[in-house]
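Source file: query_0.cif. Holds: mmCIF, N, CA and C atoms.
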data_start
#
loop_
_atom_site.group_PDB
_atom_site.id
_atom_site.type_symbol
_atom_site.label_atom_id
_atom_site.label_comp_id
_atom_site.auth_asym_id
_atom_site.auth_seq_id
_atom_site.Cartn_x
_atom_site.Cartn_y
_atom_site.Cartn_z
ATOM 1 N N MET L 250 35.392 139.303 125.922
ATOM 2 C CA MET L 250 35.766 138.638 127.140
ATOM 3 C C MET L 250 35.885 137.122 126.905
ATOM 4 N N PHE L 251 34.957 136.558 126.143
ATOM 5 C CA PHE L 251 35.011 135.133 125.826
ATOM 6 C C PHE L 251 36.260 134.813 125.011
ATOM 7 N N THR L 252 36.596 135.686 124.074
ATOM 8 C CA THR L 252 37.784 135.439 123.244
ATOM 9 C C THR L 252 39.069 135.521 124.070
ATOM 10 N N ASP L 253 39.071 136.392 125.080
ATOM 11 C CA ASP L 253 40.236 136.461 125.959
ATOM 12 C C ASP L 253 40.416 135.144 126.717
ATOM 13 N N GLY L 254 39.318 134.561 127.160
ATOM 14 C CA GLY L 254 39.378 133.279 127.857
ATOM 15 C C GLY L 254 39.879 132.165 126.950
ATOM 16 N N VAL L 255 39.417 132.175 125.707
ATOM 17 C CA VAL L 255 39.854 131.156 124.746
ATOM 18 C C VAL L 255 41.341 131.327 124.441
ATOM 19 N N LYS L 256 41.779 132.582 124.276
ATOM 20 C CA LYS L 256 43.208 132.833 124.028
ATOM 21 C C LYS L 256 44.066 132.358 125.191
ATOM 22 N N LEU L 257 43.609 132.644 126.399
ATOM 23 C CA LEU L 257 44.341 132.222 127.592
ATOM 24 C C LEU L 257 44.379 130.698 127.691
ATOM 25 N N MET L 258 43.256 130.043 127.375
ATOM 26 C CA MET L 258 43.193 128.587 127.423
ATOM 27 C C MET L 258 44.148 127.973 126.401
ATOM 28 N N ILE L 259 44.153 128.495 125.189
ATOM 29 C CA ILE L 259 45.030 127.976 124.141
ATOM 30 C C ILE L 259 46.495 128.210 124.507
ATOM 31 N N THR L 260 46.789 129.375 125.041
ATOM 32 C CA THR L 260 48.159 129.672 125.459
ATOM 33 C C THR L 260 48.612 128.707 126.558
ATOM 34 N N GLY L 261 47.769 128.491 127.548
ATOM 35 C CA GLY L 261 48.111 127.590 128.650
ATOM 36 C C GLY L 261 48.277 126.153 128.196
ATOM 37 N N MET L 262 47.324 125.685 127.386
ATOM 38 C CA MET L 262 47.413 124.311 126.899
ATOM 39 C C MET L 262 48.599 124.129 125.969
ATOM 40 N N GLY L 263 48.892 125.121 125.170
ATOM 41 C CA GLY L 263 50.051 125.052 124.282
ATOM 42 C C GLY L 263 51.346 125.001 125.062
ATOM 43 N N THR L 264 51.428 125.803 126.126
ATOM 44 C CA THR L 264 52.623 125.806 126.974
ATOM 45 C C THR L 264 52.838 124.442 127.622
ATOM 46 N N VAL L 265 51.768 123.860 128.153
ATOM 47 C CA VAL L 265 51.867 122.545 128.782
ATOM 48 C C VAL L 265 52.253 121.496 127.743
ATOM 49 N N PHE L 266 51.663 121.538 126.562
ATOM 50 C CA PHE L 266 51.967 120.574 125.503
ATOM 51 C C PHE L 266 53.438 120.655 125.099
ATOM 52 N N ILE L 267 53.939 121.878 124.923
ATOM 53 C CA ILE L 267 55.347 122.055 124.543
ATOM 54 C C ILE L 267 56.261 121.551 125.649
ATOM 55 N N PHE L 268 55.945 121.864 126.901
ATOM 56 C CA PHE L 268 56.760 121.427 128.029
ATOM 57 C C PHE L 268 56.806 119.905 128.119
ATOM 58 N N LEU L 269 55.651 119.244 128.011
ATOM 59 C CA LEU L 269 55.613 117.788 128.091
ATOM 60 C C LEU L 269 56.320 117.146 126.904
ATOM 61 N N SER L 270 56.187 117.746 125.732
ATOM 62 C CA SER L 270 56.896 117.224 124.551
ATOM 63 C C SER L 270 58.400 117.318 124.737
ATOM 64 N N LEU L 271 58.879 118.428 125.301
ATOM 65 C CA LEU L 271 60.305 118.569 125.570
ATOM 66 C C LEU L 271 60.793 117.529 126.584
ATOM 67 N N ILE L 272 59.991 117.268 127.594
ATOM 68 C CA ILE L 272 60.370 116.258 128.582
ATOM 69 C C ILE L 272 60.502 114.894 127.919
ATOM 70 N N ILE L 273 59.562 114.527 127.062
ATOM 71 C CA ILE L 273 59.616 113.233 126.373
ATOM 72 C C ILE L 273 60.854 113.151 125.497
ATOM 73 N N ILE L 274 61.156 114.216 124.763
ATOM 74 C CA ILE L 274 62.331 114.221 123.884
ATOM 75 C C ILE L 274 63.615 114.085 124.711
ATOM 76 N N ILE L 275 63.703 114.818 125.804
ATOM 77 C CA ILE L 275 64.904 114.769 126.642
ATOM 78 C C ILE L 275 65.085 113.381 127.256
ATOM 79 N N ILE L 276 63.998 112.768 127.721
ATOM 80 C CA ILE L 276 64.100 111.428 128.310
ATOM 81 C C ILE L 276 64.559 110.417 127.267
ATOM 82 N N ASN L 277 64.014 110.500 126.061
ATOM 83 C CA ASN L 277 64.430 109.585 124.995
ATOM 84 C C ASN L 277 65.905 109.782 124.630
ATOM 85 N N LEU L 278 66.340 111.032 124.553
ATOM 86 C CA LEU L 278 67.748 111.291 124.246
ATOM 87 C C LEU L 278 68.669 110.771 125.349
ATOM 88 N N LEU L 279 68.281 110.993 126.602
ATOM 89 C CA LEU L 279 69.101 110.507 127.708
ATOM 90 C C LEU L 279 69.181 108.985 127.731
ATOM 91 N N SER L 280 68.075 108.309 127.405
ATOM 92 C CA SER L 280 68.123 106.850 127.390
ATOM 93 C C SER L 280 69.073 106.341 126.315
ATOM 94 N N LYS L 281 69.135 107.039 125.175
ATOM 95 C CA LYS L 281 70.057 106.624 124.108
ATOM 96 C C LYS L 281 71.504 106.958 124.466
ATOM 97 N N VAL L 282 71.716 108.089 125.115
ATOM 98 C CA VAL L 282 73.070 108.500 125.471
ATOM 99 C C VAL L 282 73.631 107.626 126.602
ATOM 100 N N LEU L 283 72.791 107.278 127.566
ATOM 101 C CA LEU L 283 73.263 106.537 128.730
ATOM 102 C C LEU L 283 73.202 105.018 128.565
ATOM 103 N N ALA L 284 72.677 104.518 127.459
ATOM 104 C CA ALA L 284 72.566 103.076 127.242
ATOM 105 C C ALA L 284 73.910 102.352 127.331
ATOM 106 N N PRO L 285 75.004 102.893 126.780
ATOM 107 C CA PRO L 285 76.284 102.178 126.898
ATOM 108 C C PRO L 285 76.772 102.035 128.330
ATOM 109 N N TYR L 286 76.329 102.891 129.221
ATOM 110 C CA TYR L 286 76.774 102.868 130.602
ATOM 111 C C TYR L 286 75.865 102.032 131.500
ATOM 112 N N ALA L 287 74.866 101.380 130.935
ATOM 113 C CA ALA L 287 73.920 100.615 131.735
ATOM 114 C C ALA L 287 74.587 99.432 132.417
ATOM 115 N N SER L 288 75.587 98.849 131.777
ATOM 116 C CA SER L 288 76.248 97.693 132.381
ATOM 117 C C SER L 288 76.994 98.072 133.657
ATOM 118 N N ILE L 289 77.423 99.293 133.762
ATOM 119 C CA ILE L 289 78.117 99.754 134.958
ATOM 120 C C ILE L 289 77.154 99.801 136.144
ATOM 121 N N LEU L 290 75.923 100.156 135.864
ATOM 122 C CA LEU L 290 74.947 100.347 136.933
ATOM 123 C C LEU L 290 74.220 99.068 137.330
ATOM 124 N N GLU L 291 74.445 97.948 136.612
ATOM 125 C CA GLU L 291 73.767 96.706 136.941
ATOM 126 C C GLU L 291 74.227 96.195 138.295
ATOM 127 N N LYS L 292 73.307 95.587 139.012
ATOM 128 C CA LYS L 292 73.616 95.067 140.335
ATOM 129 C C LYS L 292 74.405 93.762 140.186
ATOM 130 N N LYS L 293 75.517 93.703 140.845
ATOM 131 C CA LYS L 293 76.348 92.508 140.826
ATOM 132 C C LYS L 293 75.853 91.534 141.891
ATOM 133 N N HIS L 294 75.807 90.253 141.526
ATOM 134 C CA HIS L 294 75.410 89.225 142.480
ATOM 135 C C HIS L 294 76.594 88.898 143.376
ATOM 136 N N THR L 295 76.391 89.119 144.639
ATOM 137 C CA THR L 295 77.456 88.871 145.603
ATOM 138 C C THR L 295 76.923 87.997 146.719
ATOM 139 N N ILE L 296 77.803 87.677 147.630
ATOM 140 C CA ILE L 296 77.402 86.876 148.791
ATOM 141 C C ILE L 296 76.383 87.639 149.618
ATOM 142 N N ALA L 297 76.566 88.945 149.719
ATOM 143 C CA ALA L 297 75.635 89.760 150.505
ATOM 144 C C ALA L 297 74.230 89.710 149.917
ATOM 145 N N SER L 298 74.123 89.764 148.595
ATOM 146 C CA SER L 298 72.798 89.713 147.994
ATOM 147 C C SER L 298 72.184 88.333 148.150
ATOM 148 N N ALA L 299 73.022 87.280 148.134
ATOM 149 C CA ALA L 299 72.509 85.933 148.361
ATOM 150 C C ALA L 299 71.988 85.788 149.783
ATOM 151 N N LEU L 300 72.710 86.366 150.746
ATOM 152 C CA LEU L 300 72.259 86.312 152.132
ATOM 153 C C LEU L 300 70.961 87.087 152.324
ATOM 154 N N SER L 301 70.870 88.231 151.677
ATOM 155 C CA SER L 301 69.636 89.011 151.810
ATOM 156 C C SER L 301 68.471 88.278 151.167
ATOM 157 N N HIS L 302 68.740 87.516 150.098
ATOM 158 C CA HIS L 302 67.685 86.725 149.456
ATOM 159 C C HIS L 302 67.201 85.627 150.408
ATOM 160 N N ASP L 303 68.155 84.975 151.119
ATOM 161 C CA ASP L 303 67.780 83.945 152.087
ATOM 162 C C ASP L 303 66.933 84.526 153.206
ATOM 163 N N LYS L 304 67.315 85.717 153.678
ATOM 164 C CA LYS L 304 66.546 86.366 154.733
ATOM 165 C C LYS L 304 65.153 86.723 154.232
ATOM 166 N N ALA L 305 65.067 87.142 152.972
ATOM 167 C CA ALA L 305 63.765 87.497 152.411
ATOM 168 C C ALA L 305 62.883 86.259 152.300
ATOM 169 N N SER L 306 63.469 85.120 151.904
ATOM 170 C CA SER L 306 62.660 83.909 151.790
ATOM 171 C C SER L 306 62.219 83.425 153.173
ATOM 172 N N GLU L 307 63.077 83.583 154.181
ATOM 173 C CA GLU L 307 62.674 83.230 155.539
ATOM 174 C C GLU L 307 61.531 84.118 156.016
ATOM 175 N N LYS L 308 61.609 85.384 155.677
ATOM 176 C CA LYS L 308 60.545 86.318 156.065
ATOM 177 C C LYS L 308 59.238 85.950 155.369
ATOM 178 N N ALA L 309 59.326 85.565 154.104
ATOM 179 C CA ALA L 309 58.125 85.161 153.367
ATOM 180 C C ALA L 309 57.515 83.906 153.980
ATOM 181 N N LYS L 310 58.360 82.947 154.384
ATOM 182 C CA LYS L 310 57.852 81.733 155.027
ATOM 183 C C LYS L 310 57.148 82.075 156.326
ATOM 184 N N GLU L 311 57.735 82.966 157.110
ATOM 185 C CA GLU L 311 57.126 83.368 158.380
ATOM 186 C C GLU L 311 55.784 84.056 158.133
ATOM 187 N N GLU L 312 55.719 84.907 157.127
ATOM 188 C CA GLU L 312 54.460 85.575 156.801
ATOM 189 C C GLU L 312 53.413 84.563 156.362
ATOM 190 N N ASN L 313 53.824 83.540 155.598
ATOM 191 C CA ASN L 313 52.885 82.495 155.177
ATOM 192 C C ASN L 313 52.357 81.722 156.382
ATOM 193 N N ARG L 314 53.222 81.452 157.362
ATOM 194 C CA ARG L 314 52.769 80.762 158.570
ATOM 195 C C ARG L 314 51.753 81.608 159.327
ATOM 196 N N ILE L 315 51.985 82.909 159.395
ATOM 197 C CA ILE L 315 51.062 83.802 160.101
ATOM 198 C C ILE L 315 49.714 83.835 159.394
ATOM 199 N N VAL L 316 49.749 83.940 158.082
ATOM 200 C CA VAL L 316 48.500 83.973 157.305
ATOM 201 C C VAL L 316 47.742 82.668 157.491
ATOM 202 N N THR L 317 48.457 81.544 157.474
ATOM 203 C CA THR L 317 47.817 80.246 157.669
ATOM 204 C C THR L 317 47.168 80.165 159.049
ATOM 205 N N ALA L 318 47.849 80.654 160.070
ATOM 206 C CA ALA L 318 47.295 80.641 161.424
ATOM 207 C C ALA L 318 46.036 81.498 161.508
ATOM 208 N N ILE L 319 46.062 82.644 160.874
ATOM 209 C CA ILE L 319 44.896 83.532 160.890
ATOM 210 C C ILE L 319 43.718 82.889 160.177
ATOM 211 N N LEU L 320 43.984 82.302 159.008
ATOM 212 C CA LEU L 320 42.903 81.654 158.259
ATOM 213 C C LEU L 320 42.328 80.460 159.019
ATOM 214 N N THR L 321 43.189 79.709 159.691
ATOM 215 C CA THR L 321 42.715 78.583 160.492
ATOM 216 C C THR L 321 41.830 79.074 161.632
ATOM 217 N N ALA L 322 42.229 80.144 162.296
ATOM 218 C CA ALA L 322 41.433 80.694 163.387
ATOM 219 C C ALA L 322 40.080 81.182 162.886
ATOM 220 N N ILE L 323 40.072 81.827 161.743
ATOM 221 C CA ILE L 323 38.798 82.311 161.170
ATOM 222 C C ILE L 323 37.896 81.131 160.836
ATOM 223 N N HIS L 324 38.475 80.091 160.251
ATOM 224 C CA HIS L 324 37.689 78.914 159.876
ATOM 225 C C HIS L 324 37.079 78.256 161.117
ATOM 226 N N LYS L 325 37.874 78.090 162.177
ATOM 227 C CA LYS L 325 37.356 77.488 163.414
ATOM 228 C C LYS L 325 36.264 78.352 164.036
ATOM 229 N N TYR L 326 36.471 79.658 164.032
ATOM 230 C CA TYR L 326 35.483 80.571 164.603
ATOM 231 C C TYR L 326 34.164 80.475 163.847
ATOM 232 N N ARG L 327 34.226 80.490 162.518
ATOM 233 C CA ARG L 327 33.001 80.409 161.717
ATOM 234 C C ARG L 327 32.332 79.057 161.886
ATOM 235 N N LYS L 328 33.110 77.993 162.016
ATOM 236 C CA LYS L 328 32.568 76.654 162.168
ATOM 237 C C LYS L 328 31.806 76.549 163.482
ATOM 238 N N GLU L 329 32.370 77.096 164.563
ATOM 239 C CA GLU L 329 31.713 77.045 165.865
ATOM 240 C C GLU L 329 30.527 78.000 165.936
ATOM 241 N N LYS L 330 30.647 79.153 165.315
ATOM 242 C CA LYS L 330 29.610 80.193 165.405
ATOM 243 C C LYS L 330 28.380 79.830 164.569
ATOM 244 N N CYS L 331 28.574 79.146 163.447
ATOM 245 C CA CYS L 331 27.471 78.868 162.525
ATOM 246 C C CYS L 331 26.729 77.578 162.860
ATOM 247 N N LYS L 332 27.091 76.871 163.929
ATOM 248 C CA LYS L 332 26.394 75.623 164.308
ATOM 249 C C LYS L 332 24.996 75.865 164.754
#
Translate the structure described by the file into structure tokens.
Amino acid sequence: MFTDGVKLMITGMGTVFIFLSLIIIIINLLSKVLAPYASILEKKHTIASALSHDKASEKAKEENRIVTAILTAIHKYRKEKCK
């Protein structure tokens, strides 16, 4: 009974090892095959992406203002509470 368990364990682990090895080999082959086509898939810088970048920076500034307001409120609260 113990040997049956060991056989089953070896079979299962071997199957998983072979499957994962095949996945690694396939991914490596695909990266080599598709490398010449990578330039096609690169994101082109356009006016739309520049506008979205401006909107993102505005959003970041707004988030920084909110964080600053929260930290200021916490500081004032602790200053008044700890007197």
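Taking atom CA of Arg314 of chain L and atom N of Tyr326 of chain L as endpoints, the distance between them is 17.2 Å.
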Between atom C of Ser270 of chain L and atom C of Asp253 of chain L, measure the distance and give it in Å to one decimal.
25.4 Å
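Atom pair atom CA of Asn277 of chain L / atom CA of Met262 of chain L has a distance of 22.6 Å (rounded to one decimal).
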